[in-house]
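Colleague: Once you've had a glance at the structure underneath, I'll fire off some questions.
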Amino acid sequence: MATPRNDDLRLVTNFLDDCLPFDELPAEELDRLATQLLIQYQRQGDQLNSEQSKPGLRILRSGAVELYDSDEQLIERLAEGDSFNLHGLAEKHSGTSAEFIEDSLVYFLPMADYQALRSNHRHIDRYFRSQRSRRLRRSVRQISAPEYLSRRLASLMSRKLVSVGPEQSVQAAAKLMTAARVSSALVLADDQLLGIITDRDLRSRVVAAGLPMTTAVSEVMTITPKTLPDDASVFDATLFMTEKGIHHIPVTQAVDGKLAGIITTSDLMLARQNDPVFLVTHVHRQTSVRGLVDICQQLPQLMSQWISAGGRAHQASRLLTAISDAVTRRLIELAIAELGPAPVPFCWLGFGSQGRGEQLLGADQDNGLLINDSMRAEHEPWFKALAERVCDGLNECGYPYCNGLVMATTDQWRQPLQGWCKTVDQWTRSPTKDAVMRVSIFFDLRAVYGDEQLAQSLQAHMLKRSQGNSIFLAALTENALDVPAPLGLFRNLVVERSGEHRNELDLKLRAIAIIVDIARIHALAHGLTEVNTYARLKKLMLEKKLALSDSRNLQDAWNLVMQLRAENQAEQIAQGEKVSNYVNPDKLSKLMKRQLRDAFSVIADAEQGIAQTYRPGMAR
């Protein structure tokens with residue numbers, strides 16, 4: 001360890017002034033703190049533990065470190081500006097350790113000085129007390145995550161059993177399994193379990209062996225399969241499957257031994273309901289809108305947990321969009337099951353944030369129906385009924401109706417391809433201000449269900465009509481510039497002056513939407529097919545349509561504001577508040593406010609860039 005040289009103290013002080021919670025210390029206290037710090041250099045792979053390391057506070061000047069509990073579960077990943085005290089965490093959980101995942105420079109504050117700092121400054125003590133609580137909560141959550149292993153099979157197993165007789169053909173069994181959307185069938189005779197036949201059996205014992213489809217089930221089934229009682233745990237089933245190398249277990253009633261259900265490896269995976277990847281699979285198993293509603297009610301807590309555990313906003317938005325897509329697809333499937341097959345091919349389109357794959361909480365519906373040109377007048381009632389069922393279902397699931405009626409239930413947004421193309425022609429030929437305000441969202445489209453070729457054809461037509469269309473691009477630019485970046489004179493943050501959100505920042509309207517507009521305008525001007533904002537910015541850079549520094553600055557600004565928005569929503573959920581896109585700057589750290597100013601400066605510069613590039617088209 002070394003102490004900072006006198007000529008380095010100012011650099012240390014300036015760094016601390018940008019770090020929580022030291023940014024609220026008076027200047028003289030910052031100077032004193034800087035003289036107490038020791039400098040440590042840690043190489044990638046170095047480890048510290050609470051039993052052997054010197055006690056005190058460690059502040060990361062550069063690099064990255066991961067904190068682990070005694071079970072080697074990750075508690076938190078820290079980067080520049082973050083701090084940690086291993087011994088504080090070890091008071092509740094012994095064996096806490098740290099592993100440096102990058103070469104790192106660390107400022108070390110000895111324990112005596114650290115305790116004195118907390119004693120003399122309440123806000124410092126409060127910060128580290130709450131910080132430790134947060135980390136311990138994360139540790140406890142990760143330690144207790146396998147609690148799902150104690151769940152009883154009765155709460156997870158499928159009770160809707162598919163059964164066949166031993167004399168039935170394998171083709172008949174396969175048809176029953178396909179119709180019920182299951183991967184196995186129980187072989188019964190007089191209600192007695194004789195065997196089980198699975199997808200794998202059909203593949204390996206019938207198809208691979210070249211047996212005819214008339215082969216009796218009894219010839220290829222697994223005879224007298226092992227069972228578990230319904231009061232057995234997920235752990236019991238997981239261990240049993242692992243040991244036996246099987247994927248399906250018939251479940252019996254613990255009381256009388258009668259057949260009660262079946263548990264599969266998929267069911268065991270789905271027991272991890274806090275994992276959003278498996279939640280998507282849950283969606284596809286639902287047979288009613290009510291079941292989808294129950295799943296969607298978990299989303300706020302899911303996002304809160306994801307973000308609180310260190311998840312990134314772009315990951316959360318992709319996952320929430322994936323769930324939104326899955327819900328939409330399942331609603332369409334349920335509607336088709338009721339209405340019958342579609343009379344002609346079609347594509348369900350997602351627009352706006354769903355189209356871009358950027359949904360967070362609170363997103364409303366933006367969708368449309370794109371239908372094959374073979375559609376006739378008598379087909380219209382079917383597609384109208386489909387739109388009503390799906391949009392009503394989405395509303396019930398927490399995706400509210402669009403105030404601007406940008407939904408498939410609106411006749412204008414439920415058309416054959418030819419009709420859509422005519423509408424696009426009208427927009428691009430005569431881009432009135434009112435029309436541009438409404439139509440920008442349609443240029444961020446994606447196929448959610450159905451014939452993707454239809455969506456590709458429509459997008460190709462859109463790009464053909466917009467690329468090089470100086471008048472249309474100028475109109476889009478004029479519309480985008482109506483909302484300036486929220487940065488006033490002397491780089492002060494501009495907040496709402498009245499209303500429910502007085503003195504708050506609208507992160508979506510005043511920052512995210514502007515970056516979306518900027519990326520969209522550039523992408524349309526150059527005929528790029530990407531619709532995701534981050535992907536558009538990256539592609540513009542790779543195609544040399546946007547300077548490397550401009551693209552990266554906008555990407556950084558986008559990531560910063562999206563992360564703050566997601567973390568703010570997670571905090572609102574945790575506090576039981578209504579989720580919104582507004583944040584109070586007074587509640588942000590000095591460092592975050594400085595970063596926001598930098599991000600808004602980048603956005604303001606980018607607005608000037610599109611103004612200079614595309615606005616002159618108005619005069620043509």
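The way I read the labels, and the way they are meant: chains A, B, ... in the order of the structure tokens, residue 1 as the first residue of every chain, and ligand 1 as the first ligand shown, with later ones counted on from there.
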Tell me which protein, DNA and RNA residues are within 10 Å of range 55-66 of chain A, counting only C-alpha atoms, leaving out same-chain ones fewer than 6 positions away, and put them as a short mmCIF file (atom, residue, chain, number, x, y, z; two decimals) with C-alpha atoms, in the first residue's frame.

Modeller:
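Output saved as around-v6.cif:
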```
data_model
loop_
_atom_site.label_atom_id
_atom_site.label_comp_id
_atom_site.auth_asym_id
_atom_site.auth_seq_id
_atom_site.Cartn_x
_atom_site.Cartn_y
_atom_site.Cartn_z
CA VAL A 12 -8.25 12.05 -5.27
CA PHE A 15 -12.71 11.75 -7.74
CA LEU A 16 -14.38 11.42 -4.32
CA CYS A 19 -18.75 9.31 -5.72
CA LEU A 37 -6.58 6.91 2.02
CA LEU A 38 -4.02 4.30 1.05
CA ILE A 39 -3.52 3.10 -2.51
CA GLN A 40 -3.74 -0.59 -3.41
CA TYR A 41 -3.10 -2.22 -6.76
CA GLN A 42 -4.99 -5.47 -7.38
CA ARG A 43 -4.44 -7.69 -10.38
CA GLN A 44 -7.17 -9.54 -12.21
CA GLY A 45 -7.90 -12.74 -10.32
CA ASP A 46 -6.76 -11.42 -6.91
CA GLN A 47 -9.04 -12.46 -4.07
CA ASN A 49 -11.77 -12.56 2.14
CA LEU A 74 -22.53 -13.70 -6.48
CA ILE A 75 -23.80 -10.87 -4.29
CA GLU A 76 -22.89 -7.90 -6.46
CA ARG A 77 -20.58 -6.70 -9.20
CA LEU A 78 -18.88 -3.34 -8.55
CA ALA A 79 -17.15 -0.86 -10.85
CA GLU A 80 -15.40 2.52 -10.71
CA GLY A 81 -16.74 4.72 -7.93
CA ASP A 82 -18.31 1.85 -5.96
CA SER A 83 -17.16 0.91 -2.47
CA PHE A 84 -17.37 -2.12 -0.20
CA ASN A 85 -16.52 -3.26 3.30
CA LEU A 86 -16.08 -7.03 3.48
CA HIS A 87 -16.12 -7.13 7.25
CA GLY A 88 -19.46 -5.34 7.40
CA SER A 97 -15.07 -12.64 -0.33
CA ALA A 98 -14.12 -10.38 -3.21
CA GLU A 99 -12.57 -11.31 -6.54
CA PHE A 100 -11.11 -8.68 -8.85
CA ILE A 101 -12.23 -9.38 -12.41
CA GLU A 102 -10.05 -6.61 -13.87
CA ASP A 103 -6.76 -5.02 -12.92
CA SER A 104 -7.88 -2.46 -10.34
CA LEU A 105 -6.73 0.59 -8.45
CA VAL A 106 -8.27 0.75 -4.98
CA TYR A 107 -8.40 3.49 -2.36
CA PHE A 108 -8.33 1.89 1.09
CA LEU A 109 -9.70 3.62 4.20
CA PRO A 110 -8.56 1.86 7.43
CA MET A 111 -11.35 0.67 9.71
CA ALA A 112 -10.73 3.25 12.46
CA ASP A 113 -10.94 6.13 9.98
CA TYR A 114 -13.95 4.55 8.29
CA GLN A 115 -15.83 4.21 11.59
#
```

Colleague: Pick out the residues sitting within 12 Å of Ile323 in chain A, and hand them over as a PyMOL selection string; count only C-alpha atoms, and ignore anything fewer than 4 positions along from it in its own chain.

Modeller: chain A and resi 275-284+292+295-299+302-303+316-319+327-330+354+357-361+394+397+399+448

Colleague: Can you check which residues of range 339-533 of chain A DSSP gives as strand (DSSP E) on the backbone and send them as a ChimeraX atom specification?

Modeller: /A:346-350,367-371,414-416,446-450,505-506

Colleague: Excluding range 415-421 of chain A and its own-chain neighbours fewer than 5 positions away, which residues fall within 6 Å of it when counting only C-alpha atoms? Please give them as a list of chain:residue names.

Modeller: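 Returned residues: A:Leu370, A:Ile371, A:Asn372, A:Asp373.
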
Colleague: The selected residues should be written to file as a PDB file, in the first residue's frame (atoms: C-alpha atoms).

Modeller:
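File written: again19.pdb
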```pdb
ATOM      1  CA  LEU A 370     -51.159  -6.797 -42.369  1.00  0.00           C
ATOM      2  CA  ILE A 371     -53.153  -9.130 -44.627  1.00  0.00           C
ATOM      3  CA  ASN A 372     -52.320 -10.875 -47.874  1.00  0.00           C
ATOM      4  CA  ASP A 373     -53.687  -9.127 -50.982  1.00  0.00           C
TER       5      ASP A 373
END
```

Colleague: Which residue, A:Arg536, A:Arg285, A:Phe351, A:Leu228, has the smallest gap to Ala326 in chain A when you use only C-alpha atoms?

Modeller: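 When distances to Ala326 in chain A are compared using only C-alpha atoms, the smallest one comes from A:Arg285.
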
Colleague: Kindly give the distance, in Å, that separates CA of Pro484 in chain A and CA of Leu509 in chain A, rounded to a single decimal.

Modeller: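 According to the coordinates, CA of Pro484 in chain A and CA of Leu509 in chain A are separated by 9.6 Å.
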
Colleague: Smallest atom-to-atom distance to Val207 in chain A: which of A:Asn120, A:Gln171, A:Ser466, A:Ser549, using only C-alpha atoms?

Modeller: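 Looking only at the distances to Val207 in chain A, the closest residue turns out to be A:Gln171.
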
Colleague: CA of Met592 in chain A and CA of Leu560 in chain A are how many Å apart?

Modeller: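 Those two atoms sit 9.3 Å apart.
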
Colleague: Distance CA of Val406 in chain A-CA of Phe472 in chain A, one decimal place?

Modeller: 20.9 Å

Colleague: Which residues are close to Asn581 in chain A, i.e. within 12 Å by only C-alpha atoms, leaving aside same-chain residues fewer than 3 positions away? Reply as a list of chain:residue names.

Modeller: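 The neighbour list is A:Leu360, A:Leu361, A:Gly362, A:Ala363, A:His501, A:Glu504, A:Leu505, A:Asp506, A:Leu507, A:Lys508, A:Leu509, A:Arg510, A:Ala511, A:Ile512, A:Ala513, A:Val561, A:Met562, A:Gln563, A:Leu564, A:Arg565, A:Ala566, A:Glu567, A:Asn568, A:Gln569, A:Ala570, A:Glu571, A:Gln572, A:Lys578, A:Asn584.
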
Colleague: I want to know what sits within 10 Å of Val187 in chain A, based on only C-alpha atoms, with residues of the same chain fewer than 4 positions away left out; could you give that as an MDAnalysis selection string?

Modeller: chainID A and resid 162:168 173 191:197 217:218 221:224

Colleague: Restricting it to N, CA and C atoms, dump the selection as a PDB file, in the first residue's frame.

Modeller:
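Okay, this is what ended up in result_30.pdb:
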```
ATOM      1  N   VAL A 162     -52.775 -37.471 -20.900  1.00  0.00           N
ATOM      2  CA  VAL A 162     -53.091 -38.100 -22.182  1.00  0.00           C
ATOM      3  C   VAL A 162     -52.769 -39.584 -22.039  1.00  0.00           C
ATOM      4  N   SER A 163     -53.731 -40.420 -22.336  1.00  0.00           N
ATOM      5  CA  SER A 163     -53.523 -41.866 -22.163  1.00  0.00           C
ATOM      6  C   SER A 163     -53.906 -42.615 -23.424  1.00  0.00           C
ATOM      7  N   VAL A 164     -53.268 -43.746 -23.621  1.00  0.00           N
ATOM      8  CA  VAL A 164     -53.556 -44.628 -24.753  1.00  0.00           C
ATOM      9  C   VAL A 164     -53.594 -46.063 -24.238  1.00  0.00           C
ATOM     10  N   GLY A 165     -54.212 -46.898 -25.041  1.00  0.00           N
ATOM     11  CA  GLY A 165     -54.212 -48.321 -24.709  1.00  0.00           C
ATOM     12  C   GLY A 165     -52.988 -48.992 -25.301  1.00  0.00           C
ATOM     13  N   PRO A 166     -52.560 -50.090 -24.720  1.00  0.00           N
ATOM     14  CA  PRO A 166     -51.347 -50.763 -25.210  1.00  0.00           C
ATOM     15  C   PRO A 166     -51.475 -51.268 -26.639  1.00  0.00           C
ATOM     16  N   GLU A 167     -52.723 -51.542 -27.098  1.00  0.00           N
ATOM     17  CA  GLU A 167     -52.921 -52.073 -28.442  1.00  0.00           C
ATOM     18  C   GLU A 167     -52.984 -50.985 -29.507  1.00  0.00           C
ATOM     19  N   GLN A 168     -53.088 -49.711 -29.108  1.00  0.00           N
ATOM     20  CA  GLN A 168     -53.188 -48.629 -30.084  1.00  0.00           C
ATOM     21  C   GLN A 168     -51.860 -48.442 -30.825  1.00  0.00           C
ATOM     22  N   ALA A 173     -51.065 -42.594 -31.000  1.00  0.00           N
ATOM     23  CA  ALA A 173     -50.500 -41.958 -29.810  1.00  0.00           C
ATOM     24  C   ALA A 173     -49.888 -40.609 -30.153  1.00  0.00           C
ATOM     25  N   ASP A 191     -57.382 -48.675 -16.009  1.00  0.00           N
ATOM     26  CA  ASP A 191     -56.879 -47.655 -15.078  1.00  0.00           C
ATOM     27  C   ASP A 191     -55.570 -48.036 -14.402  1.00  0.00           C
ATOM     28  N   GLN A 192     -54.938 -49.086 -14.873  1.00  0.00           N
ATOM     29  CA  GLN A 192     -53.648 -49.481 -14.331  1.00  0.00           C
ATOM     30  C   GLN A 192     -52.537 -48.975 -15.261  1.00  0.00           C
ATOM     31  N   LEU A 193     -51.478 -48.402 -14.654  1.00  0.00           N
ATOM     32  CA  LEU A 193     -50.372 -47.858 -15.431  1.00  0.00           C
ATOM     33  C   LEU A 193     -49.460 -48.993 -15.891  1.00  0.00           C
ATOM     34  N   LEU A 194     -49.432 -49.212 -17.209  1.00  0.00           N
ATOM     35  CA  LEU A 194     -48.586 -50.250 -17.773  1.00  0.00           C
ATOM     36  C   LEU A 194     -47.262 -49.705 -18.289  1.00  0.00           C
ATOM     37  N   GLY A 195     -47.285 -48.470 -18.762  1.00  0.00           N
ATOM     38  CA  GLY A 195     -46.074 -47.913 -19.344  1.00  0.00           C
ATOM     39  C   GLY A 195     -46.245 -46.455 -19.708  1.00  0.00           C
ATOM     40  N   ILE A 196     -45.239 -45.919 -20.365  1.00  0.00           N
ATOM     41  CA  ILE A 196     -45.259 -44.531 -20.831  1.00  0.00           C
ATOM     42  C   ILE A 196     -44.541 -44.474 -22.175  1.00  0.00           C
ATOM     43  N   ILE A 197     -45.057 -43.639 -23.071  1.00  0.00           N
ATOM     44  CA  ILE A 197     -44.406 -43.424 -24.360  1.00  0.00           C
ATOM     45  C   ILE A 197     -44.172 -41.924 -24.512  1.00  0.00           C
ATOM     46  N   VAL A 217     -48.270 -49.591 -29.431  1.00  0.00           N
ATOM     47  CA  VAL A 217     -47.585 -48.828 -28.397  1.00  0.00           C
ATOM     48  C   VAL A 217     -46.851 -49.745 -27.436  1.00  0.00           C
ATOM     49  N   SER A 218     -47.433 -50.897 -27.140  1.00  0.00           N
ATOM     50  CA  SER A 218     -46.845 -51.820 -26.163  1.00  0.00           C
ATOM     51  C   SER A 218     -45.454 -52.299 -26.572  1.00  0.00           C
ATOM     52  N   MET A 221     -43.066 -48.860 -25.729  1.00  0.00           N
ATOM     53  CA  MET A 221     -43.216 -48.066 -24.506  1.00  0.00           C
ATOM     54  C   MET A 221     -42.181 -48.461 -23.460  1.00  0.00           C
ATOM     55  N   THR A 222     -41.997 -47.572 -22.500  1.00  0.00           N
ATOM     56  CA  THR A 222     -41.199 -47.904 -21.316  1.00  0.00           C
ATOM     57  C   THR A 222     -42.122 -48.612 -20.334  1.00  0.00           C
ATOM     58  N   ILE A 223     -41.775 -49.834 -19.998  1.00  0.00           N
ATOM     59  CA  ILE A 223     -42.668 -50.668 -19.184  1.00  0.00           C
ATOM     60  C   ILE A 223     -42.564 -50.301 -17.707  1.00  0.00           C
ATOM     61  N   THR A 224     -43.741 -50.334 -17.036  1.00  0.00           N
ATOM     62  CA  THR A 224     -43.852 -50.052 -15.588  1.00  0.00           C
ATOM     63  C   THR A 224     -42.901 -48.928 -15.145  1.00  0.00           C
TER      64      THR A 224
END
```

Colleague: Need the shell around Gln612 in chain A: protein/DNA/RNA residues with any atom at most 12 Å away, counting only C-alpha atoms. Skip same-chain ones fewer than 4 positions apart. Format as JSON, numbers by chain?

Modeller: {"A": [473, 474, 477, 478, 481, 605, 606, 607, 608, 616, 617, 618]}

Colleague: Please give the complete set of residues from range 14-117 of chain A that DSSP, run on the backbone, assigns to alpha helix (DSSP H), formatted as a ChimeraX atom specification.

Modeller: /A:14-16,27-36,86-90,111-117

Colleague: Identify which of the residues A:Ala254, A:Gly576, A:Asn403, A:Val170 lies closest to Glu219 in chain A, counting only C-alpha atoms when measuring atom-to-atom distances.

Modeller: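 Of A:Ala254, A:Gly576, A:Asn403, A:Val170, the one nearest Glu219 in chain A, counting only C-alpha atoms, is A:Val170.
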
Colleague: Of the candidates A:Glu338, A:Glu500, A:Glu530, A:Asp425, which shows the shortest atom-to-atom distance to Asn469 in chain A, using only C-alpha atoms?

Modeller: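 Using only C-alpha atoms, the shortest distance to Asn469 in chain A belongs to A:Asp425.
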
Colleague: Of the residues A:Thr252, A:Thr238, A:Gln555, A:Thr533, which is the one nearest to Val602 in chain A, using only C-alpha atoms?

Modeller: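 Closest residue, counting only C-alpha atoms: A:Gln555.
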